[in-house]
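The block underneath contains the structure these notes are about, expressed in structure tokens.
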Amino acid sequence: MSRFLIRRVLGALVILLIISAITFGLFYAIPRDPAMMSCGKNCTPDMLAQIRHNLGIDHPVPVQYWYWLKGVFVGRDYAGFGNCNAPCLGYSFANREPVLGTIMDRLPTTLSLAFGAAAVFLVFGVGAGMLAAVKQGKALDKIASSASLFGSSLQIYFVGYIAMFFLVSKLGLFSQPSWTPLTEDPVAWFSGLLLPWLTLAIIFTANYTRMTRSQLVEQLSEDYVRTARAKGLSRANVFFRFAWRGAMGPIVTVFGIDLGTLIGGAIITESVFSLQGIGRLAVDSVSKSDLPMLLGVTVLSAGAIVLFNIIVDAVYAFIDPRIRLA
Amino acid sequence: MTSTDQQPFLSVRDLKVHFSTEDGVVKAVDGLTFDLAKGKTLGIVGESGSGKSVTNLTILGLHDRERTAIDGEILLDGKELLTASERELERLRGNKMSMIFQDALASLSPYHTIGRQIGETYRKHTGASKKEARERAIEMLRRVGIPQPDVRVDDYPHQFSGGMRQRAMIAMALVCDPELLIADEPTTALDVTVQAQIMDLLKDLQQEFGTAIIFITHDLGVIADIADDVLVMYGGRCVERGTKKEVLRAPQHPYTWGLLGSMPSLDGPVDVPLSPIPGSPPSLLNPPSGCRFHPRCTFAEKVADGRCSSERPLLEVTDGRGAACHLTADQRRDFFADYAATRSH
């Protein structure tokens with residue numbers, strides 16, 4: 001297990017290194033000068049040079065990348081802003097705030113949105129899938145199957161605005177989506193996020209319903225499930241301890257990927273519901289040519305996906321004893 | 001209830017198992033009757049799709065109840081199984097009657113240890129504690145000849161060899177000392193030496209516990225080794241039955257002749273080619289009329305008026321011996337003598 005973890009964490013670091021280098025390269029492939037944007041209308045070449053120096057972009061691109069990388073591990077001194085302790089992701093070009101601080105401010109919103117929605121779609125998706133598998137071929141199965149087909153063809157920018165219009169503005173069933181820290185007011189936190197959770201969950205639930213159903217239907221026809229019945233075990237026992245155990249693997253895999261992606265920011269959802277999370281931060285940093293912020297968000301998103309992949313593999317080995325971690 | 005001399009331990013009467021599929025009704029078993037006494041072994045032989053396995057899954061009640069129409073009677077120790085509730089069947093399964101499946105790797109759960117899988121059957125039926133169940137599992141593994149059972153009990157099936165898995169499967173089936181054991185091709189996937197060991201094991205266990213065994217196979221060599229009585233199935237029906245000696249030495253049905261002819265003989269000349277039965281097993285969706293074997297039978301033309309294709313031959317059984325064929329007894333004797341003669345030249 002520890003060998004597995006060491007190997008995977010080292011691998012993850014290499015991946016993050018490559019991703020940050022690519023982001024760096026791609027950013028400068030766009031012919032846009034971040035210093036120009038800060039300089040304003042009455043810009044002189046001297047001012048521009050000064051700003052470039054202050055932002056730390058007056059070096060060749062590889063050298064800049066090296067400074068950035070060094071900053072992450074040992075911290076960095078900025079001419080214009082002073083010292084930045086490790087892990088230093090730099091200062092935003094746009095508002096001169098430390099990148100790490102801004103990300104940490106935004107992260108609770110995105111984490112709340114991601115885990116809340118995940119709880120909803122996991123419970124409803126897997127639950128509906130189980131029911132459909134038990135009632136195979138019956139009316140309930142057909143309803144669940146067609147509902148999931150319908151659900152999976154919906155889009156958040158459609159459902160989101162419709163829900164906002166009818167459920168919030170017209171009927172007032174939900175409160176206006178907003179962000180309140182959980183520690184400040186749990187009730188406001190919950191009611192402010194309820195609609196975004198449900199909307200985001202609709203899109204995902206369908207996928208989990210179909211996947212759970214098909215996995216279970218397949219497992220239920222396996223020989224070992226029949227053997228368990230032949231031993232005299234009850235239908236419910238066989239369903240949960242045997243068939244569900246076998247069906248879990250692929251669901252856990254997809255769940256890990258989904259969760260990683262959501263923590264990288266549900267860009268459309270956050271925009272639709274005006275939530276200031278990581279997704280919004282990513283979009284803004286692109287439009288403002290804010291390289292340090294963009295790098296920070298990219299590394300965070302990639303890191304979340306890599307992390308959840310490691311967790312999935314570990315969980316997989318826990319579910320299926322045939323898989324050995326090495 | 002206890003069985004008496006009049007009432008056999010297991011009695012199957014005119015069993016019909018029909019599945020409804022999208023293409024129509026599949027007559028997997030179509031009127032099957034047999035008895036089995038305690039301590040005896042019945043060998044059921046037939047090609048794939050002859051209804052062997054379906055019959056036995058139906059005895060355990062493991063068929064898909066919603067898509068299956070069943071008719072007839074299955075009496076186990078005087079108890080009617082076809083009308084029994086799911087809970088009653090759950091109490092019997094793994095306890096009074098149990099089954100060994102063909103593919104032990106696929107049939108054992110990959111997610112649980114061998115000891116747990118054996119032990120949970122025991123716990124379910126005896127209410128034993130986890131510790132007692134584990135002790136029992138170790139004892140069963142020792143009995144079926146697994147070395148170091150107290151260590152191997154915590155292994156998963158994938159850590160066992162093929163032969164050991166089949167032994168573990170047998171240990172699991174026998175953990176509650178069942179009175180009826182159904183073995184569905186338990187040795188087909190194993191090599192010959194392991195196969196012989198497993199057969200010996202089953203025979204020993206039968207002697208020890210007086211278990212009635214139904215042994216399903218398509219291997220007549222295995223039948224010759226283990227069975228007391230033999231039932232030959234074709235297209236969901238019994239075409240011939242009798243004692244092992246009767247069926248193997250003096251078979252009465254052309255299909256049985258064909259089965260024997262497609263098997264190499266050790267004491268005959270080695271240059272005699274095998275003679276496989278021409279054609280392929282019948283579709284049970286659209287079974288042939290009359291005798292289901294008639295399209296493949298080389299003797300069908302010897303029967304007058306084309307009765308083989310129009311009239312179902314009845315299985316007339318006297319003293320447990322019978323064959324369902326329109327040929328007369330004399331014809332059968334002569335034809336088989338001719339057939340046997342061609343095989344030994």
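Please note that chains go A, B, ... in the order of the structure tokens, that every chain numbers its residues from 1, and that ligands are numbered from 1 in the order shown.
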Can you tell me, as a PyMOL selection string, what residues are no more than 6 Å from segment 98-109 of chain A when counting only C-alpha atoms, ignoring any on the same chain fewer than 3 positions away?
chain A and resi 89-92+112+277-278+293
Within 10 Å of chain B: residues of chain A, using only C-alpha atoms, as a ChimeraX atom specification = /A:222-235,241-243,245-246,318-322
Worksheet item: Between atom CA of Glu316 of chain B and atom CA of Gly290 of chain B, what is the distance, to one decimal in Å?
Response: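 We find that atom CA of Glu316 of chain B and atom CA of Gly290 of chain B lie 15.9 Å from each other.
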Please provide the set of residues having any atom within 9 Å of Arg296 of chain B, restricted to only C-alpha atoms, with same-chain residues fewer than 5 positions apart removed, written as a list in words. Tyr255, Ile277, Pro278, Gly279, Ser280 and Pro281 of chain B
Write out the residues from the selection above, keeping N, CA, C and O atoms, as a PDB file, in the first residue's frame.
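Below is the file that was written, out12.pdb:
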```
ATOM      1  N   TYR B 255     -30.072 -43.026 -30.049  1.00  0.00           N
ATOM      2  CA  TYR B 255     -29.298 -41.868 -29.595  1.00  0.00           C
ATOM      3  C   TYR B 255     -28.182 -42.308 -28.646  1.00  0.00           C
ATOM      4  O   TYR B 255     -27.067 -41.822 -28.716  1.00  0.00           O
ATOM      5  N   ILE B 277     -22.536 -38.324 -33.941  1.00  0.00           N
ATOM      6  CA  ILE B 277     -23.931 -38.323 -34.377  1.00  0.00           C
ATOM      7  C   ILE B 277     -24.091 -37.221 -35.422  1.00  0.00           C
ATOM      8  O   ILE B 277     -23.682 -36.084 -35.181  1.00  0.00           O
ATOM      9  N   PRO B 278     -24.642 -37.545 -36.589  1.00  0.00           N
ATOM     10  CA  PRO B 278     -24.799 -36.502 -37.603  1.00  0.00           C
ATOM     11  C   PRO B 278     -25.792 -35.434 -37.147  1.00  0.00           C
ATOM     12  O   PRO B 278     -26.651 -35.688 -36.315  1.00  0.00           O
ATOM     13  N   GLY B 279     -25.672 -34.249 -37.725  1.00  0.00           N
ATOM     14  CA  GLY B 279     -26.615 -33.175 -37.403  1.00  0.00           C
ATOM     15  C   GLY B 279     -26.276 -32.517 -36.079  1.00  0.00           C
ATOM     16  O   GLY B 279     -25.238 -32.767 -35.484  1.00  0.00           O
ATOM     17  N   SER B 280     -27.161 -31.623 -35.632  1.00  0.00           N
ATOM     18  CA  SER B 280     -26.915 -30.899 -34.390  1.00  0.00           C
ATOM     19  C   SER B 280     -28.146 -31.014 -33.483  1.00  0.00           C
ATOM     20  O   SER B 280     -29.223 -31.366 -33.948  1.00  0.00           O
ATOM     21  N   PRO B 281     -27.960 -30.721 -32.190  1.00  0.00           N
ATOM     22  CA  PRO B 281     -29.083 -30.832 -31.253  1.00  0.00           C
ATOM     23  C   PRO B 281     -30.284 -30.030 -31.712  1.00  0.00           C
ATOM     24  O   PRO B 281     -30.133 -29.000 -32.376  1.00  0.00           O
TER      25      PRO B 281
END
```
Give me the residues within 10 Å of Leu5 of chain A as a list in words, counting only C-alpha atoms and dropping any in the same chain fewer than 2 places off.
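Surrounding residues, per the criterion: Met1, Ser2, Arg3, Arg7, Arg8, Val9, Leu10, Gly11, Ile310, Ile311, Ala314, Leu325 and Ala326 of chain A.
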Please produce a file of the residues just selected, as an mmCIF file, in the first residue's frame, where the atoms kept are N, CA and C atoms.
```
data_model
loop_
_atom_site.group_PDB
_atom_site.id
_atom_site.type_symbol
_atom_site.label_atom_id
_atom_site.label_comp_id
_atom_site.auth_asym_id
_atom_site.auth_seq_id
_atom_site.Cartn_x
_atom_site.Cartn_y
_atom_site.Cartn_z
ATOM 1 N N MET A 1 0.825 -1.203 0.000
ATOM 2 C CA MET A 1 0.000 0.000 0.000
ATOM 3 C C MET A 1 0.864 1.260 0.000
ATOM 4 N N SER A 2 1.903 1.306 0.871
ATOM 5 C CA SER A 2 2.711 2.527 0.933
ATOM 6 C C SER A 2 3.545 2.676 -0.340
ATOM 7 N N ARG A 3 3.979 1.521 -0.900
ATOM 8 C CA ARG A 3 4.702 1.582 -2.167
ATOM 9 C C ARG A 3 3.807 2.159 -3.257
ATOM 10 N N ARG A 7 4.536 5.702 -5.204
ATOM 11 C CA ARG A 7 4.661 5.684 -6.656
ATOM 12 C C ARG A 7 3.627 6.613 -7.311
ATOM 13 N N ARG A 8 2.384 6.528 -6.810
ATOM 14 C CA ARG A 8 1.331 7.326 -7.431
ATOM 15 C C ARG A 8 1.488 8.811 -7.154
ATOM 16 N N VAL A 9 1.951 9.170 -5.945
ATOM 17 C CA VAL A 9 2.122 10.588 -5.631
ATOM 18 C C VAL A 9 3.250 11.173 -6.478
ATOM 19 N N LEU A 10 4.338 10.420 -6.640
ATOM 20 C CA LEU A 10 5.417 10.899 -7.504
ATOM 21 C C LEU A 10 4.905 11.087 -8.934
ATOM 22 N N GLY A 11 4.128 10.109 -9.388
ATOM 23 C CA GLY A 11 3.536 10.209 -10.733
ATOM 24 C C GLY A 11 2.661 11.445 -10.849
ATOM 25 N N ILE A 310 -6.200 8.383 -7.698
ATOM 26 C CA ILE A 310 -5.442 7.555 -6.744
ATOM 27 C C ILE A 310 -6.402 6.943 -5.728
ATOM 28 N N ILE A 311 -7.326 7.765 -5.236
ATOM 29 C CA ILE A 311 -8.291 7.262 -4.256
ATOM 30 C C ILE A 311 -9.133 6.133 -4.863
ATOM 31 N N ALA A 314 -7.267 2.936 -4.965
ATOM 32 C CA ALA A 314 -7.152 2.342 -3.634
ATOM 33 C C ALA A 314 -8.471 1.696 -3.217
ATOM 34 N N LEU A 325 -2.390 -3.702 -5.095
ATOM 35 C CA LEU A 325 -1.721 -2.430 -5.350
ATOM 36 C C LEU A 325 -0.217 -2.615 -5.268
ATOM 37 N N ALA A 326 0.481 -2.108 -6.260
ATOM 38 C CA ALA A 326 1.941 -2.200 -6.230
ATOM 39 C C ALA A 326 2.529 -1.018 -6.981
#
```
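Neighbours of Glu246 of chain B closer than or equal to 9 Å, with only C-alpha atoms counted and sequence neighbours fewer than 4 positions away skipped, come out as Asp229, Val230, Arg241, Gly242, Ala250, Pro251, Gln252 and Arg321 of chain B.
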Output the selection as a compact mmCIF listing (two decimals), in the first residue's frame - C-alpha atoms for each residue.
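The resulting file, out-v7.txt, is shown below:
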```
# COMPACT_ATOMS: atom_id res chain seq x y z
CA ASP B 229 -28.60 -45.54 -12.69
CA VAL B 230 -28.45 -43.62 -15.92
CA ARG B 241 -33.09 -45.06 -18.63
CA GLY B 242 -31.87 -48.05 -16.71
CA ALA B 250 -27.08 -53.00 -23.91
CA PRO B 251 -28.37 -49.60 -24.91
CA GLN B 252 -31.85 -49.58 -26.41
CA ARG B 321 -35.60 -49.89 -17.52
```
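Comparing the minimum interatomic distances between Glu73 of chain B and each of B:His326, B:His253, B:Lys16, B:Arg292, counting only C-alpha atoms, we find that B:Lys16 sits nearest.
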Exercise for review: For Gly265 of chain A, work out the shell of residues within 10 Å, counting only C-alpha atoms and skipping chain neighbours fewer than 4 positions away, then give it as a list in words.
Suggested key: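 In the requested format, the answer is Leu107, Thr109, Thr110, Leu111, Leu113, Ala114, Leu259, Gly260, Thr261, Thr269, Glu270, Gly277, Ile278, Gly279, Arg280, Leu281, Ala282, Val283, Val297, Leu300 and Ser301 of chain A.
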Practice problem: From the DSSP assignment of the backbone, select every residue of segment 36-199 of chain B that is strand (DSSP E), and format the answer as a PyMOL selection string. | Solution: chain B and resi 36+41-45+68-76+79-80+97-100+180-184
Between atom CA of Val312 of chain A and atom CA of Val252 of chain A lies a distance of 6.5 Å
Which residues are close to Thr187 of chain B, i.e. within 12 Å by only C-alpha atoms, leaving aside same-chain residues fewer than 3 positions away? Reply as a PDB file with N, CA and C atoms, in the first residue's frame.
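Now in around.pdb:
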```
ATOM      1  N   ILE B 100     -23.279 -28.527  -6.851  1.00  0.00           N
ATOM      2  CA  ILE B 100     -21.905 -28.203  -7.237  1.00  0.00           C
ATOM      3  C   ILE B 100     -21.946 -27.757  -8.689  1.00  0.00           C
ATOM      4  N   PHE B 101     -21.424 -26.585  -8.955  1.00  0.00           N
ATOM      5  CA  PHE B 101     -21.498 -26.075 -10.324  1.00  0.00           C
ATOM      6  C   PHE B 101     -20.243 -26.407 -11.104  1.00  0.00           C
ATOM      7  N   GLN B 102     -20.371 -26.279 -12.407  1.00  0.00           N
ATOM      8  CA  GLN B 102     -19.302 -26.684 -13.316  1.00  0.00           C
ATOM      9  C   GLN B 102     -18.048 -25.822 -13.189  1.00  0.00           C
ATOM     10  N   ASP B 103     -18.228 -24.520 -13.345  1.00  0.00           N
ATOM     11  CA  ASP B 103     -17.083 -23.626 -13.416  1.00  0.00           C
ATOM     12  C   ASP B 103     -16.853 -23.001 -12.044  1.00  0.00           C
ATOM     13  N   ALA B 104     -15.958 -23.603 -11.267  1.00  0.00           N
ATOM     14  CA  ALA B 104     -15.799 -23.162  -9.876  1.00  0.00           C
ATOM     15  C   ALA B 104     -15.274 -21.741  -9.784  1.00  0.00           C
ATOM     16  N   GLY B 162      -7.269 -24.697  -9.970  1.00  0.00           N
ATOM     17  CA  GLY B 162      -8.567 -25.140 -10.486  1.00  0.00           C
ATOM     18  C   GLY B 162      -9.139 -26.313  -9.701  1.00  0.00           C
ATOM     19  N   GLY B 163      -8.294 -27.313  -9.432  1.00  0.00           N
ATOM     20  CA  GLY B 163      -8.754 -28.487  -8.694  1.00  0.00           C
ATOM     21  C   GLY B 163      -9.142 -28.131  -7.270  1.00  0.00           C
ATOM     22  N   MET B 164      -8.355 -27.245  -6.645  1.00  0.00           N
ATOM     23  CA  MET B 164      -8.652 -26.844  -5.271  1.00  0.00           C
ATOM     24  C   MET B 164      -9.951 -26.060  -5.194  1.00  0.00           C
ATOM     25  N   ARG B 165     -10.195 -25.243  -6.216  1.00  0.00           N
ATOM     26  CA  ARG B 165     -11.451 -24.480  -6.239  1.00  0.00           C
ATOM     27  C   ARG B 165     -12.638 -25.429  -6.285  1.00  0.00           C
ATOM     28  N   GLN B 166     -12.497 -26.484  -7.122  1.00  0.00           N
ATOM     29  CA  GLN B 166     -13.614 -27.419  -7.238  1.00  0.00           C
ATOM     30  C   GLN B 166     -13.805 -28.157  -5.909  1.00  0.00           C
ATOM     31  N   ARG B 167     -12.699 -28.470  -5.225  1.00  0.00           N
ATOM     32  CA  ARG B 167     -12.793 -29.097  -3.916  1.00  0.00           C
ATOM     33  C   ARG B 167     -13.481 -28.160  -2.925  1.00  0.00           C
ATOM     34  N   MET B 169     -15.557 -25.873  -3.647  1.00  0.00           N
ATOM     35  CA  MET B 169     -16.966 -25.835  -4.058  1.00  0.00           C
ATOM     36  C   MET B 169     -17.703 -27.033  -3.459  1.00  0.00           C
ATOM     37  N   ILE B 170     -17.055 -28.189  -3.489  1.00  0.00           N
ATOM     38  CA  ILE B 170     -17.671 -29.395  -2.934  1.00  0.00           C
ATOM     39  C   ILE B 170     -17.802 -29.249  -1.417  1.00  0.00           C
ATOM     40  N   ALA B 183     -24.616 -32.500  -8.840  1.00  0.00           N
ATOM     41  CA  ALA B 183     -23.302 -32.122  -9.344  1.00  0.00           C
ATOM     42  C   ALA B 183     -23.432 -31.888 -10.845  1.00  0.00           C
ATOM     43  N   ASP B 184     -23.333 -30.618 -11.243  1.00  0.00           N
ATOM     44  CA  ASP B 184     -23.525 -30.267 -12.653  1.00  0.00           C
ATOM     45  C   ASP B 184     -22.165 -30.199 -13.338  1.00  0.00           C
ATOM     46  N   LEU B 190     -11.691 -29.871 -15.454  1.00  0.00           N
ATOM     47  CA  LEU B 190     -10.467 -30.282 -14.764  1.00  0.00           C
ATOM     48  C   LEU B 190      -9.686 -31.306 -15.577  1.00  0.00           C
ATOM     49  N   ASP B 191      -8.386 -31.389 -15.315  1.00  0.00           N
ATOM     50  CA  ASP B 191      -7.626 -32.410 -16.033  1.00  0.00           C
ATOM     51  C   ASP B 191      -7.901 -33.783 -15.419  1.00  0.00           C
ATOM     52  N   VAL B 192      -7.489 -34.834 -16.134  1.00  0.00           N
ATOM     53  CA  VAL B 192      -8.002 -36.162 -15.825  1.00  0.00           C
ATOM     54  C   VAL B 192      -7.610 -36.660 -14.435  1.00  0.00           C
ATOM     55  N   THR B 193      -6.388 -36.356 -13.993  1.00  0.00           N
ATOM     56  CA  THR B 193      -5.996 -36.852 -12.675  1.00  0.00           C
ATOM     57  C   THR B 193      -6.801 -36.175 -11.576  1.00  0.00           C
ATOM     58  N   VAL B 194      -6.988 -34.865 -11.712  1.00  0.00           N
ATOM     59  CA  VAL B 194      -7.782 -34.143 -10.717  1.00  0.00           C
ATOM     60  C   VAL B 194      -9.220 -34.637 -10.766  1.00  0.00           C
ATOM     61  N   GLN B 195      -9.697 -34.886 -11.981  1.00  0.00           N
ATOM     62  CA  GLN B 195     -11.049 -35.399 -12.183  1.00  0.00           C
ATOM     63  C   GLN B 195     -11.237 -36.695 -11.393  1.00  0.00           C
ATOM     64  N   ALA B 196     -10.261 -37.599 -11.495  1.00  0.00           N
ATOM     65  CA  ALA B 196     -10.359 -38.876 -10.792  1.00  0.00           C
ATOM     66  C   ALA B 196     -10.381 -38.669  -9.285  1.00  0.00           C
ATOM     67  N   GLN B 197      -9.577 -37.715  -8.807  1.00  0.00           N
ATOM     68  CA  GLN B 197      -9.553 -37.443  -7.363  1.00  0.00           C
ATOM     69  C   GLN B 197     -10.904 -36.921  -6.881  1.00  0.00           C
ATOM     70  N   ILE B 198     -11.472 -36.020  -7.676  1.00  0.00           N
ATOM     71  CA  ILE B 198     -12.760 -35.432  -7.288  1.00  0.00           C
ATOM     72  C   ILE B 198     -13.841 -36.520  -7.251  1.00  0.00           C
ATOM     73  N   MET B 199     -13.811 -37.403  -8.238  1.00  0.00           N
ATOM     74  CA  MET B 199     -14.805 -38.481  -8.283  1.00  0.00           C
ATOM     75  C   MET B 199     -14.675 -39.385  -7.058  1.00  0.00           C
ATOM     76  N   ASP B 200     -13.419 -39.722  -6.705  1.00  0.00           N
ATOM     77  CA  ASP B 200     -13.198 -40.562  -5.531  1.00  0.00           C
ATOM     78  C   ASP B 200     -13.722 -39.869  -4.281  1.00  0.00           C
ATOM     79  N   LEU B 201     -13.453 -38.571  -4.227  1.00  0.00           N
ATOM     80  CA  LEU B 201     -13.903 -37.787  -3.084  1.00  0.00           C
ATOM     81  C   LEU B 201     -15.422 -37.850  -2.950  1.00  0.00           C
ATOM     82  N   LEU B 202     -16.118 -37.653  -4.079  1.00  0.00           N
ATOM     83  CA  LEU B 202     -17.578 -37.687  -4.051  1.00  0.00           C
ATOM     84  C   LEU B 202     -18.070 -39.061  -3.600  1.00  0.00           C
ATOM     85  N   PHE B 215     -25.769 -36.705 -10.907  1.00  0.00           N
ATOM     86  CA  PHE B 215     -24.505 -36.340 -11.540  1.00  0.00           C
ATOM     87  C   PHE B 215     -24.773 -36.032 -13.005  1.00  0.00           C
ATOM     88  N   ILE B 216     -24.639 -34.775 -13.362  1.00  0.00           N
ATOM     89  CA  ILE B 216     -24.912 -34.374 -14.738  1.00  0.00           C
ATOM     90  C   ILE B 216     -23.606 -34.365 -15.512  1.00  0.00           C
ATOM     91  N   THR B 217     -23.596 -34.956 -16.677  1.00  0.00           N
ATOM     92  CA  THR B 217     -22.368 -34.949 -17.466  1.00  0.00           C
ATOM     93  C   THR B 217     -22.695 -35.259 -18.918  1.00  0.00           C
ATOM     94  N   HIS B 218     -21.746 -34.979 -19.798  1.00  0.00           N
ATOM     95  CA  HIS B 218     -21.911 -35.507 -21.141  1.00  0.00           C
ATOM     96  C   HIS B 218     -20.825 -36.535 -21.420  1.00  0.00           C
ATOM     97  N   ASP B 219     -20.130 -36.915 -20.336  1.00  0.00           N
ATOM     98  CA  ASP B 219     -19.008 -37.832 -20.455  1.00  0.00           C
ATOM     99  C   ASP B 219     -19.431 -39.215 -19.952  1.00  0.00           C
ATOM    100  N   GLY B 221     -17.733 -41.840 -19.800  1.00  0.00           N
ATOM    101  CA  GLY B 221     -16.685 -42.445 -18.990  1.00  0.00           C
ATOM    102  C   GLY B 221     -16.894 -42.126 -17.517  1.00  0.00           C
ATOM    103  N   VAL B 222     -17.285 -40.884 -17.248  1.00  0.00           N
ATOM    104  CA  VAL B 222     -17.551 -40.459 -15.879  1.00  0.00           C
ATOM    105  C   VAL B 222     -18.753 -41.213 -15.329  1.00  0.00           C
ATOM    106  N   ILE B 223     -19.777 -41.372 -16.173  1.00  0.00           N
ATOM    107  CA  ILE B 223     -20.979 -42.107 -15.783  1.00  0.00           C
ATOM    108  C   ILE B 223     -20.603 -43.536 -15.386  1.00  0.00           C
TER     109      ILE B 223
END
```
**Request:** Considering only C-alpha atoms, state which residue in the set A:Pro87, A:Gly151, A:Gly75, A:Gly25 is at the smallest distance from Phe121 of chain A.
**Result:**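 Of the candidates, the smallest distance to Phe121 of chain A is held by A:Gly151.
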request  = Run DSSP on the backbone and grab whatever in segment 24-243 of chain B lands in alpha helix (DSSP H); send it over as a PyMOL selection string.
outcome  = chain B and resi 52-60+86-92+104-107+114-126+130-143+149-152+162-174+192-209+220-226
Counting only C-alpha atoms, closest pick from A:Ile22, A:Leu216, A:Leu295, A:Ala188 relative to Phe239 of chain A is A:Leu216
